[in-house]
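Source file: data27.pdb. Holds: PDB, C-alpha atoms.
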```pdb
ATOM      1  CA  ARG A  24     -32.921 -13.641 -14.936
ATOM      2  CA  CYS A  25     -30.362 -10.959 -15.845
ATOM      3  CA  ILE A  26     -27.865 -10.983 -18.691
ATOM      4  CA  PRO A  27     -24.504  -9.209 -18.042
ATOM      5  CA  ALA A  28     -23.884  -6.039 -20.015
ATOM      6  CA  ASP A  29     -20.881  -7.485 -21.869
ATOM      7  CA  GLU A  30     -23.191 -10.095 -23.450
ATOM      8  CA  CYS A  31     -25.621  -7.455 -24.700
ATOM      9  CA  ASP A  32     -24.658  -5.123 -27.553
ATOM     10  CA  LEU A  33     -27.326  -2.577 -26.519
ATOM     11  CA  CYS A  34     -26.055  -2.442 -22.926
ATOM     12  CA  SER A  35     -22.327  -2.617 -23.686
ATOM     13  CA  HIS A  36     -22.173   0.836 -25.253
ATOM     14  CA  ARG A  37     -24.080   2.285 -22.273
ATOM     15  CA  GLY A  38     -21.722   0.842 -19.651
ATOM     16  CA  SER A  39     -21.691  -2.104 -17.297
ATOM     17  CA  MET A  40     -24.327  -0.548 -15.003
ATOM     18  CA  PHE A  41     -26.992  -1.721 -17.490
ATOM     19  CA  VAL A  42     -28.141  -5.322 -17.893
ATOM     20  CA  LEU A  43     -30.915  -7.176 -19.702
ATOM     21  CA  ALA A  44     -33.537  -8.818 -17.501
ATOM     22  CA  VAL A  45     -35.757 -11.608 -18.834
ATOM     23  CA  ILE A  46     -39.293 -11.137 -17.443
ATOM     24  CA  SER A  47     -42.555 -13.049 -17.836
ATOM     25  CA  ASP A  48     -45.947 -11.416 -17.389
ATOM     26  CA  ILE A  49     -49.599 -11.693 -18.372
ATOM     27  CA  LEU A  50     -51.142  -8.762 -20.238
ATOM     28  CA  ARG A  51     -54.792  -7.900 -20.739
ATOM     29  CA  ILE A  52     -55.605  -6.874 -24.325
ATOM     30  CA  GLN A  53     -58.914  -5.169 -25.132
ATOM     31  CA  PRO A  54     -61.012  -6.598 -28.020
ATOM     32  CA  GLY A  55     -60.532  -3.457 -30.101
ATOM     33  CA  GLN A  56     -56.754  -3.998 -30.048
ATOM     34  CA  PHE A  57     -56.700  -7.610 -31.278
ATOM     35  CA  ASN A  58     -55.762  -6.555 -34.820
ATOM     36  CA  LYS A  59     -52.538  -4.891 -33.625
ATOM     37  CA  GLU A  60     -51.469  -7.318 -30.937
ATOM     38  CA  ILE A  61     -47.670  -6.815 -31.032
ATOM     39  CA  GLN A  62     -47.850  -3.002 -31.006
ATOM     40  CA  THR A  63     -50.350  -3.180 -28.134
ATOM     41  CA  ILE A  64     -48.131  -5.565 -26.150
ATOM     42  CA  GLU A  65     -45.124  -3.295 -26.617
ATOM     43  CA  HIS A  66     -47.149  -0.259 -25.534
ATOM     44  CA  GLU A  67     -48.550  -2.008 -22.456
ATOM     45  CA  LEU A  68     -45.141  -3.283 -21.376
ATOM     46  CA  GLU A  69     -43.554   0.164 -21.751
ATOM     47  CA  LYS A  70     -46.416   1.750 -19.793
ATOM     48  CA  LYS A  71     -46.269  -0.829 -17.017
ATOM     49  CA  TYR A  72     -42.504  -1.169 -16.562
ATOM     50  CA  THR A  73     -40.586   1.893 -17.799
ATOM     51  CA  ASN A  74     -39.181   3.982 -14.907
ATOM     52  CA  LYS A  75     -40.402   1.408 -12.372
ATOM     53  CA  VAL A  76     -38.224  -0.482  -9.886
ATOM     54  CA  ILE A  77     -38.206  -4.266  -9.637
ATOM     55  CA  ILE A  78     -36.946  -5.273  -6.199
ATOM     56  CA  ASN A  79     -33.414  -6.747  -6.254
ATOM     57  CA  VAL A  80     -33.231  -6.337 -10.037
ATOM     58  CA  GLY A  81     -33.066  -2.608 -10.710
ATOM     59  CA  LEU A  82     -34.761   0.248 -12.547
ATOM     60  CA  CYS A  83     -36.562  -0.551 -15.811
ATOM     61  CA  VAL A  84     -35.192   1.759 -18.506
ATOM     62  CA  GLU A  85     -36.811   0.558 -21.733
ATOM     63  CA  LEU A  86     -38.184  -2.497 -23.514
ATOM     64  CA  HIS A  87     -35.471  -4.323 -25.480
ATOM     65  CA  ASP A  88     -37.466  -7.022 -27.266
ATOM     66  CA  ILE A  89     -40.274  -9.565 -26.963
ATOM     67  CA  LEU A  90     -39.012 -13.151 -26.831
ATOM     68  CA  GLU A  91     -42.309 -15.026 -27.072
ATOM     69  CA  THR A  92     -46.046 -14.779 -26.543
ATOM     70  CA  GLY A  93     -48.466 -17.493 -25.465
ATOM     71  CA  ASP A  94     -52.023 -18.324 -26.446
ATOM     72  CA  ALA A  95     -54.728 -15.801 -25.628
ATOM     73  CA  HIS A  96     -57.243 -16.761 -22.944
ATOM     74  CA  VAL A  97     -60.670 -15.188 -22.422
ATOM     75  CA  TYR A  98     -62.242 -15.535 -18.970
ATOM     76  CA  PRO A  99     -65.971 -15.558 -18.123
ATOM     77  CA  GLY A 100     -67.354 -12.066 -17.746
ATOM     78  CA  ASP A 101     -64.304 -10.465 -19.364
ATOM     79  CA  GLY A 102     -64.171  -9.957 -23.129
ATOM     80  CA  ALA A 103     -60.465  -9.053 -23.089
ATOM     81  CA  ALA A 104     -57.707 -11.479 -24.041
ATOM     82  CA  HIS A 105     -55.085 -12.427 -21.451
ATOM     83  CA  ILE A 106     -51.743 -13.236 -23.061
ATOM     84  CA  SER A 107     -48.577 -14.549 -21.409
ATOM     85  CA  VAL A 108     -45.485 -12.684 -22.604
ATOM     86  CA  LYS A 109     -41.760 -13.253 -22.114
ATOM     87  CA  PHE A 110     -39.630 -10.196 -22.870
ATOM     88  CA  ARG A 111     -36.360  -8.440 -22.081
ATOM     89  CA  MET A 112     -36.025  -5.073 -20.375
ATOM     90  CA  VAL A 113     -32.929  -2.889 -20.204
ATOM     91  CA  MET A 114     -32.311  -2.454 -16.473
ATOM     92  CA  PHE A 115     -30.243   0.117 -14.615
ATOM     93  CA  GLN A 116     -28.335  -2.082 -12.166
ATOM     94  CA  PRO A 117     -24.952  -0.659 -11.080
ATOM     95  CA  PHE A 118     -22.742  -2.912  -8.992
ATOM     96  CA  PRO A 119     -20.923  -2.023  -5.741
ATOM     97  CA  THR A 120     -17.480  -0.377  -6.309
ATOM     98  CA  GLU A 121     -18.510   0.777  -9.816
ATOM     99  CA  ILE A 122     -17.409   4.328 -10.660
ATOM    100  CA  VAL A 123     -20.233   6.457 -12.086
ATOM    101  CA  GLN A 124     -20.529  10.088 -13.150
ATOM    102  CA  GLY A 125     -23.493  12.364 -12.380
ATOM    103  CA  LYS A 126     -24.477  15.864 -11.250
ATOM    104  CA  ILE A 127     -25.116  17.211  -7.773
ATOM    105  CA  LYS A 128     -28.849  17.865  -7.477
ATOM    106  CA  ALA A 129     -29.071  19.132  -3.894
ATOM    107  CA  ALA A 130     -27.121  19.385  -0.639
ATOM    108  CA  THR A 131     -28.260  19.331   2.990
ATOM    109  CA  PRO A 132     -26.375  18.899   6.278
ATOM    110  CA  ASP A 133     -27.324  15.201   6.086
ATOM    111  CA  HIS A 134     -26.248  14.292   2.554
ATOM    112  CA  ILE A 135     -25.468  15.246  -1.023
ATOM    113  CA  GLN A 136     -27.991  14.088  -3.618
ATOM    114  CA  ILE A 137     -26.741  13.148  -7.090
ATOM    115  CA  SER A 138     -28.738  12.797 -10.295
ATOM    116  CA  LEU A 139     -28.022  10.787 -13.442
ATOM    117  CA  GLY A 140     -30.799  12.563 -15.317
ATOM    118  CA  PHE A 141     -33.047   9.500 -15.391
ATOM    119  CA  PHE A 142     -32.422   8.491 -11.738
ATOM    120  CA  ASP A 143     -32.129  10.816  -8.724
ATOM    121  CA  ASP A 144     -32.086   8.568  -5.646
ATOM    122  CA  ILE A 145     -28.307   8.633  -5.117
ATOM    123  CA  TYR A 146     -27.006   9.892  -1.773
ATOM    124  CA  VAL A 147     -23.562  10.588  -0.336
ATOM    125  CA  LEU A 148     -23.449  10.810   3.466
ATOM    126  CA  PRO A 149     -20.980  13.124   5.256
ATOM    127  CA  SER A 150     -18.950  10.077   6.332
ATOM    128  CA  GLU A 151     -18.387   9.265   2.628
ATOM    129  CA  LEU A 152     -16.960  12.705   1.790
ATOM    130  CA  PRO A 153     -13.240  13.575   2.008
ATOM    131  CA  ASP A 154     -11.871  14.183   5.502
ATOM    132  CA  GLN A 155     -12.216  17.796   6.689
ATOM    133  CA  SER A 156     -15.369  18.342   4.635
ATOM    134  CA  GLU A 157     -18.001  20.638   6.114
ATOM    135  CA  TYR A 158     -21.450  21.938   5.271
ATOM    136  CA  VAL A 159     -21.592  25.687   4.623
ATOM    137  CA  GLU A 160     -25.030  26.787   5.793
ATOM    138  CA  GLU A 161     -24.906  30.235   4.156
ATOM    139  CA  GLU A 162     -24.257  28.723   0.719
ATOM    140  CA  ARG A 163     -26.184  25.493   1.267
ATOM    141  CA  THR A 164     -23.373  23.401  -0.072
ATOM    142  CA  TRP A 165     -20.479  21.211   1.075
ATOM    143  CA  ARG A 166     -16.818  22.042   0.771
ATOM    144  CA  TRP A 167     -13.570  20.197   1.318
ATOM    145  CA  ASN A 168     -10.981  22.108   3.338
ATOM    146  CA  TYR A 169      -7.940  20.661   1.639
ATOM    147  CA  THR A 170      -4.421  21.207   2.969
ATOM    148  CA  THR A 171      -1.374  20.393   0.829
ATOM    149  CA  ASP A 172       1.866  18.909   2.123
ATOM    150  CA  SER A 173       3.850  21.943   0.963
ATOM    151  CA  ASP A 174       1.930  24.505   3.005
ATOM    152  CA  GLU A 175      -0.406  24.717   5.945
ATOM    153  CA  GLU A 176      -2.948  26.898   4.181
ATOM    154  CA  SER A 177      -6.398  25.386   3.759
ATOM    155  CA  HIS A 178      -7.881  25.435   0.257
ATOM    156  CA  HIS A 179     -11.682  25.523  -0.003
ATOM    157  CA  LEU A 180     -12.930  23.122  -2.662
ATOM    158  CA  TYR A 181     -16.698  23.330  -3.087
ATOM    159  CA  MET A 182     -19.242  20.676  -4.119
ATOM    160  CA  GLU A 183     -21.940  22.871  -5.638
ATOM    161  CA  PRO A 184     -25.351  21.890  -7.073
ATOM    162  CA  GLY A 185     -25.193  21.372 -10.830
ATOM    163  CA  GLU A 186     -21.538  20.377 -10.740
ATOM    164  CA  THR A 187     -20.476  17.148 -12.446
ATOM    165  CA  VAL A 188     -19.010  14.643  -9.996
ATOM    166  CA  ARG A 189     -17.520  11.173 -10.076
ATOM    167  CA  PHE A 190     -18.594   8.772  -7.328
ATOM    168  CA  ARG A 191     -18.224   5.140  -6.316
ATOM    169  CA  VAL A 192     -21.279   2.962  -5.718
ATOM    170  CA  ALA A 193     -21.114   1.725  -2.112
ATOM    171  CA  ASN A 194     -24.317  -0.322  -2.043
ATOM    172  CA  ILE A 195     -27.867  -0.442  -3.355
ATOM    173  CA  SER A 196     -30.880  -0.822  -1.089
ATOM    174  CA  TYR A 197     -34.430  -1.796  -1.984
ATOM    175  CA  ALA A 198     -37.272  -0.815   0.321
ATOM    176  CA  PRO A 199     -40.285  -3.147   0.453
ATOM    177  CA  PRO A 200     -43.446  -1.591  -1.005
ATOM    178  CA  ALA A 201     -45.980  -0.284   1.499
ATOM    179  CA  PRO A 202     -49.227  -2.280   1.595
ATOM    180  CA  ARG A 203     -52.024  -0.678  -0.376
ATOM    181  CA  PRO A 204     -55.076   0.265   1.735
ATOM    182  CA  SER A 205     -57.407  -1.665  -0.572
ATOM    183  CA  LEU A 206     -55.355  -4.818  -0.019
ATOM    184  CA  LEU A 207     -55.671  -4.609   3.772
ATOM    185  CA  LYS A 208     -59.400  -5.336   3.599
ATOM    186  CA  GLN A 209     -60.698  -8.866   3.412
ATOM    187  CA  ALA A 210     -61.302  -9.614  -0.239
ATOM    188  CA  PRO A 211     -64.492 -11.489  -1.142
ATOM    189  CA  GLU A 212     -64.048 -15.043  -2.313
ATOM    190  CA  LYS A 213     -63.954 -15.438  -6.078
ATOM    191  CA  GLU A 214     -64.216 -18.394  -8.374
ATOM    192  CA  ASP A 215     -61.063 -19.872  -9.901
ATOM    193  CA  THR A 216     -62.214 -18.603 -13.310
ATOM    194  CA  ALA A 217     -60.999 -15.068 -12.458
ATOM    195  CA  ALA A 218     -58.229 -13.790 -14.720
ATOM    196  CA  PRO A 219     -54.705 -14.007 -13.212
ATOM    197  CA  ALA A 220     -53.027 -10.678 -12.459
ATOM    198  CA  ALA A 221     -49.288 -10.012 -12.510
ATOM    199  CA  PRO A 222     -47.927  -7.724  -9.766
ATOM    200  CA  LEU A 223     -47.024  -4.214 -10.785
ATOM    201  CA  PRO A 224     -43.406  -3.081 -10.393
ATOM    202  CA  ALA A 225     -43.040  -0.911  -7.293
ATOM    203  CA  PRO A 226     -42.289   2.827  -7.806
ATOM    204  CA  GLU A 227     -39.340   4.661  -6.255
ATOM    205  CA  LEU A 228     -37.981   1.869  -4.044
ATOM    206  CA  MET A 229     -34.331   1.819  -5.084
ATOM    207  CA  THR A 230     -31.632   3.904  -3.399
ATOM    208  CA  ILE A 231     -27.932   4.055  -4.253
ATOM    209  CA  HIS A 232     -25.539   4.875  -1.424
ATOM    210  CA  ALA A 233     -22.366   6.404  -2.839
ATOM    211  CA  SER A 234     -18.915   7.553  -1.760
ATOM    212  CA  MET A 235     -16.622  10.406  -2.847
ATOM    213  CA  ARG A 236     -13.773   9.762  -0.388
ATOM    214  CA  ASP A 237     -11.112   8.318  -2.702
ATOM    215  CA  ASN A 238      -8.648  10.109  -4.966
ATOM    216  CA  GLY A 239     -10.185  10.991  -8.313
ATOM    217  CA  LEU A 240     -13.718  11.131  -6.896
ATOM    218  CA  GLY A 241     -15.793  14.256  -6.374
ATOM    219  CA  PRO A 242     -16.179  17.248  -8.720
ATOM    220  CA  LEU A 243     -14.265  16.783 -11.959
ATOM    221  CA  THR A 244     -12.949  20.348 -11.659
ATOM    222  CA  TRP A 245     -10.927  19.370  -8.569
ATOM    223  CA  TRP A 246      -8.838  16.845 -10.405
ATOM    224  CA  ALA A 247      -8.592  18.823 -13.651
ATOM    225  CA  ALA A 248      -7.027  21.667 -11.667
ATOM    226  CA  ALA A 249      -4.637  19.249  -9.909
ATOM    227  CA  GLU A 250      -3.510  17.785 -13.221
ATOM    228  CA  GLU A 251      -2.851  21.268 -14.608
ATOM    229  CA  MET A 252      -0.740  22.126 -11.557
ATOM    230  CA  GLN A 253       1.330  18.952 -11.999
ATOM    231  CA  GLU A 254       1.930  19.775 -15.660
TER
END
```
Structure rendered as structure tokens:
Amino acid sequence: RCIPADECDLCSHRGSMFVLAVISDILRIQPGQFNKEIQTIEHELEKKYTNKVIINVGLCVELHDILETGDAHVYPGDGAAHISVKFRMVMFQPFPTEIVQGKIKAATPDHIQISLGFFDDIYVLPSELPDQSEYVEEERTWRWNYTTDSDEESHHLYMEPGETVRFRVANISYAPPAPRPSLLKQAPEKEDTAAPAAPLPAPELMTIHASMRDNGLGPLTWWAAAEEMQE
């Protein structure tokens, strides 16, 4: 369950692309950590979830708070305690049409890659660049060959790596995790007394497809220069 950013003080100051997700899980706590249960739970949740993707929810950024914990259960043959936990994670979850700002990380003939610093899987395809854009092989970058109404001369506006750009989120895709080799083998039958295990969040399965076609999108320097010319 996700809570909209405008209902969360922590997320509101970050922007609407962050939400709070309520998650339930079961953690395994070693006997030597029983005397510091809350600190151990926080540490285990951060280690398990931070920078991981939850399919159709988003990227886990950080633990917000722990809502409740259940009774500890000890299973035969395992001296650790298994505790059910309900908690809230700050999630990176931009919505389609949202305008976001980042930096160009790389450019190829197939796409421009944009980074937010904490998330790099953002791609702009050539079809989502301004008309008359082309890839310059010698400089390994894209440029927009812009022509004004007042003259027929083409102005070369570059989209260079490291440059700050504004883009629109087109859509977000989640790829299903690949099956682990160990899970493809027939597992031996076990008794029902085995401890339950919660699935791990899948790594690197979230991709943002973006656009820089509209006015005001693309490198910030483009539009700063245009505003100066109008003034």
Need the shell around stretch 60-63 of chain A: protein/DNA/RNA residues with any atom at most 12 Å away, counting only C-alpha atoms. Skip same-chain ones fewer than 6 positions apart. Format as a list in words? Leu50, Arg51, Ile52, Gln53, Pro54, Glu69, Lys70, Asp88, Ile89, Leu90, Glu91, Thr92, Gly93, Asp94, Ala95, Ala104, His105, Ile106, Val108 and Phe110 of chain A
Mind listing whatever residues come within 7 Å of the point (-39.0, -7.0, -21.1)? Use only C-alpha atoms, file coordinates, and give them as a PyMOL selection string. chain A and resi 44-46+86-89+109-112
Centre and edge lengths of an axis-aligned box around all listed atoms of stretch 126-142 of chain A, with 4 Å added on each side, are to be given in Å to one decimal, as AutoDock Vina command-line options.
```
--center_x -28.8 --center_y 13.9 --center_z -4.6 --size_x 16.6 --size_y 18.9 --size_z 29.7
```
Closest of A:Ile195, A:Leu180, A:Val76, A:Leu240 to A:Met114 - atom-to-atom distances counting all atoms listed in the file: A:Val76
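When all atoms listed in the file are used to compute distances to A:Leu43, the closest of the residues A:Ser150, A:Asn74, A:Gln116, A:Gln124 turns out to be A:Gln116.
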Separation of atom CA of A:Pro153 and atom CA of A:Trp245, in Å?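 These two atoms are separated by 12.3 Å.
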Suppose you want the space between atom CA of A:Asp237 and atom CA of A:Phe141; what is it in Å?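 Result for atom CA of A:Asp237 versus atom CA of A:Phe141: 25.4 Å, one decimal.
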So how far away is atom CA of A:Phe118 from atom CA of A:Glu186, in Å?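 Value for the atom CA of A:Glu186-atom CA of A:Phe118 distance: 23.4 Å.
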For A:Leu228, please output as JSON, numbers by chain all residues within 8 Å (counting only C-alpha atoms; exclusion window: fewer than 6 positions along the same chain). {"A": [76, 78, 197, 198, 199, 200]}
Run through the PyMOL selection byres ((chain A and resi 168) around 10) on the given coordinates and return the selected residues as a list in words.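 Answer for the PyMOL selection byres ((chain A and resi 168) around 10): Pro153, Asp154, Gln155, Ser156, Glu157, Trp165, Arg166, Trp167, Tyr169, Thr170, Glu176, Ser177, His178, His179, Leu180 and Tyr181 of chain A.
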Could those selected residues go to a file with C-alpha atoms, as a tab-separated table (two decimals), in the frame of the given file?
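Saved the output as result.tsv:
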```tsv
chain	number	residue	atom	x	y	z
A	153	PRO	CA	-13.24	13.58	2.01
A	154	ASP	CA	-11.87	14.18	5.50
A	155	GLN	CA	-12.22	17.80	6.69
A	156	SER	CA	-15.37	18.34	4.64
A	157	GLU	CA	-18.00	20.64	6.11
A	165	TRP	CA	-20.48	21.21	1.08
A	166	ARG	CA	-16.82	22.04	0.77
A	167	TRP	CA	-13.57	20.20	1.32
A	169	TYR	CA	-7.94	20.66	1.64
A	170	THR	CA	-4.42	21.21	2.97
A	176	GLU	CA	-2.95	26.90	4.18
A	177	SER	CA	-6.40	25.39	3.76
A	178	HIS	CA	-7.88	25.44	0.26
A	179	HIS	CA	-11.68	25.52	0.00
A	180	LEU	CA	-12.93	23.12	-2.66
A	181	TYR	CA	-16.70	23.33	-3.09
```
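Near stretch 129-134 of chain A, within 9 Å and counting all atoms listed in the file, sit A:Tyr146, A:Val147, A:Leu148, A:Pro149, A:Glu157, A:Tyr158, A:Val159, A:Glu160, A:Arg163, A:Thr164, A:Trp165, A:Met182, A:Glu183, A:Pro184, A:Gly185; same-chain residues fewer than 6 positions away were not included.
Minimum atom-to-atom distance to A:His96, evaluated using all atoms listed in the file, belongs to A:Ile49 out of A:Ile122, A:Ile145, A:Ile49, A:Val42.
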Using only C-alpha atoms, which residue out of A:Phe115, A:Ser196, A:Ile231, A:Cys83 lies closest to A:Lys71?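 Of all the options, A:Cys83 lies closest to A:Lys71.
Using all atoms listed in the file, the shortest contact distance between A:Phe142 and any of A:Val84, A:Glu162, A:Gly241, A:Phe190 is found at A:Val84.
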Nearest-residue call for A:Arg236, choices A:Val192, A:Glu151, A:Ala103, A:Thr187, using only C-alpha atoms: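 Residue with the minimum atom-to-atom distance to A:Arg236: A:Glu151.
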For the provided coordinates, the residues matched by the PyMOL selection byres ((chain A and resi 137) around 7) should be stated as a ChimeraX atom specification. /A:125-128,135-136,138-139,143,145-146
